[in-house]
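**Q** Below is a structure I'd like to ask you about.
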Amino acid sequence: MSEAASFLFDRSIFTVNLLIICVLFLIPLEKRRRFPLRLAAGAALCIALSLLFPHTNLKYIVELAAAGAFVYSVCAVSPQDAAYCAVCAYATQHFAHALYLFLFRADRGAPQLSLPYLLCCAGPYVLFYFLFARKLPENGHYHVDIKFSLVSTALVLVFALWLSDVAGSYFALDSSPLYYVCKAYAMLCCFFVLWVQVAHRQKLRIQREFDLQQQLWSKQKAQYELSRTNIDLINRKCHDLKHQVAALRTVVPDDEREKYLAEIENSIQIYDSTIETGSEVLDTVLTEKSLYCEQHRISMTCVADGSKLGFLDAVDVYTIFGNALDNAIESVSAVDDPARRLISVSVWSRSDLLLIQFENYYEGALSFRDGVPVTTKEDTDYHGFGLKSIRYAVEKYDGCMGIYPDNQLFLLRISIPIP
């Protein structure tokens, strides 16, 4: 290898390996537009940056930060997710590097481009891809927990790097067996921290599935109570219709007959509560809530193109609209003026955005905490749970939620990018 080639290899080998692993870890992630161009340009910039620094601790810090920026530039993820991806890639790279030094005791010189070196890199890279890289993301995102995921991973990785530094600085020259102990322990730390991350992710998924089952069970119970209430309401309406029809048989004047016919017409309106928007899930939610509103003298209007909701999961649609309408119904139920007991629902699209809006009146003043209105109920254990559930469902699709109270009118606006 020529002197120039050796220089380039020595300066860029760490960055090249880190970028290769980053690419493996970002395969399951959601990509940005023009992904190939971004990938090529980002990799070229990172490699060019690596040529500016000799092998120092500053070089590794700068290149790790550059790897995080690289992931963020090519994938539609949050900065926290990008940093997490880079740290996981760094753990994989360090494992492979420690494995090579453990097997071939090459610490006295820089790694050379050889078959053993390539095997020590390729083997762990492929193994870690199937064990960790594919399993960590969910729906193209890590949804990283800063305290547990990012900080714990970084701390364990720093400890592994320290062990490797100790092995190379103090135990390499005298062929001490502690050299191998430090290298093995460094590899164990890198493997263990990623294994724990996957186990933690699986535990969270199982917990969410359990919580979802509990929520669905509660919804089914509430649906039963609602159905029973609706049956009672329909029975009362039928009873009224019988008396009104009987009265028609005895009423002679035409004006009186028209009056009774109008009342019957109004009574029958409840049976026409089925709403068709183009989304079966949305139709179910709106029909359920409109029946409740009819019973409690609340006017609900809906202008919705349900076909635009096709890319959303059914549970997320139920979560967004069910919780939003429950909050709106609770709010307008406290309004005394019948003319202000109104709820409006709108669903439409503009360009590549799905737009959802809920409007309703409310009484009193609102104050906010953590982005949601502070409850006035005595039981605050579940304060803001509905709005937080909506926000979580919306952010799964990189959307945003805004609350805009104005002159006793409560506006909840949601925008979600349409893929």
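Ordered as shown in the structure tokens, chains take letters A, B, and onward, while each chain numbers its residues from 1 and ligands are numbered from 1 in the order shown.
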I want to know what sits within 8 Å of region 94-102 of chain A, based on only C-alpha atoms, with residues of the same chain fewer than 5 positions away left out; could you give that as a count of residues only?

**A** 16

**Q** Set the distance at 9 Å and use only C-alpha atoms: which residues neighbour region 139-146 of chain A once local chain neighbours fewer than 4 positions away are removed? I'd like the list as a list in words.

**A** Leu26, Ile27, Pro28, Leu29, Glu30, Lys31, Ala76, Val77, Ser78, Gln80, Asp81, Ala82, Tyr84, Cys85, Leu150, Val151, Ser152, Lys396 and Tyr397 of chain A

**Q** Okay, now the selection with C-alpha atoms, as a short mmCIF file (atom, residue, chain, number, x, y, z; two decimals), in the first residue's frame?

**A**
```
data_model
loop_
_atom_site.label_atom_id
_atom_site.label_comp_id
_atom_site.auth_asym_id
_atom_site.auth_seq_id
_atom_site.Cartn_x
_atom_site.Cartn_y
_atom_site.Cartn_z
CA LEU A 26 -31.09 3.05 9.11
CA ILE A 27 -32.42 0.43 6.67
CA PRO A 28 -35.64 -0.04 8.73
CA LEU A 29 -36.03 3.72 9.33
CA GLU A 30 -38.30 6.05 7.37
CA LYS A 31 -36.34 7.71 4.58
CA ALA A 76 -37.21 11.34 8.48
CA VAL A 77 -36.53 10.91 12.20
CA SER A 78 -36.09 13.18 15.19
CA GLN A 80 -32.84 12.11 19.29
CA ASP A 81 -33.49 9.11 17.03
CA ALA A 82 -30.59 10.10 14.76
CA TYR A 84 -29.43 7.04 19.07
CA CYS A 85 -28.79 5.39 15.69
CA LEU A 150 -29.84 7.27 24.72
CA VAL A 151 -28.12 8.11 28.02
CA SER A 152 -27.71 4.51 29.21
CA LYS A 396 -46.60 8.39 15.26
CA TYR A 397 -47.16 9.76 11.74
#
```

**Q** With only C-alpha atoms as the counted atoms, please give the residues lying no more than 10 Å from Asn327 (chain A), apart from itself and same-chain residues fewer than 6 positions off, as an NGL selection string.

**A** :A and (321 or 333 or 360 or 384 or 386-387)

**Q** Find the residues near region 337-349 of chain A: any atom within 6 Å, counting only C-alpha atoms, skip ones fewer than 4 places away on the same chain, and give them as a list in words.

**A**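 Returned residues: Ile298, Ser299, Met300, Thr301, Cys302, Val303, Ala304, Asp305, Val332, Leu353, Leu354, Leu355, Ile356, Gln357, Phe358, Glu359 and Asn360 of chain A.
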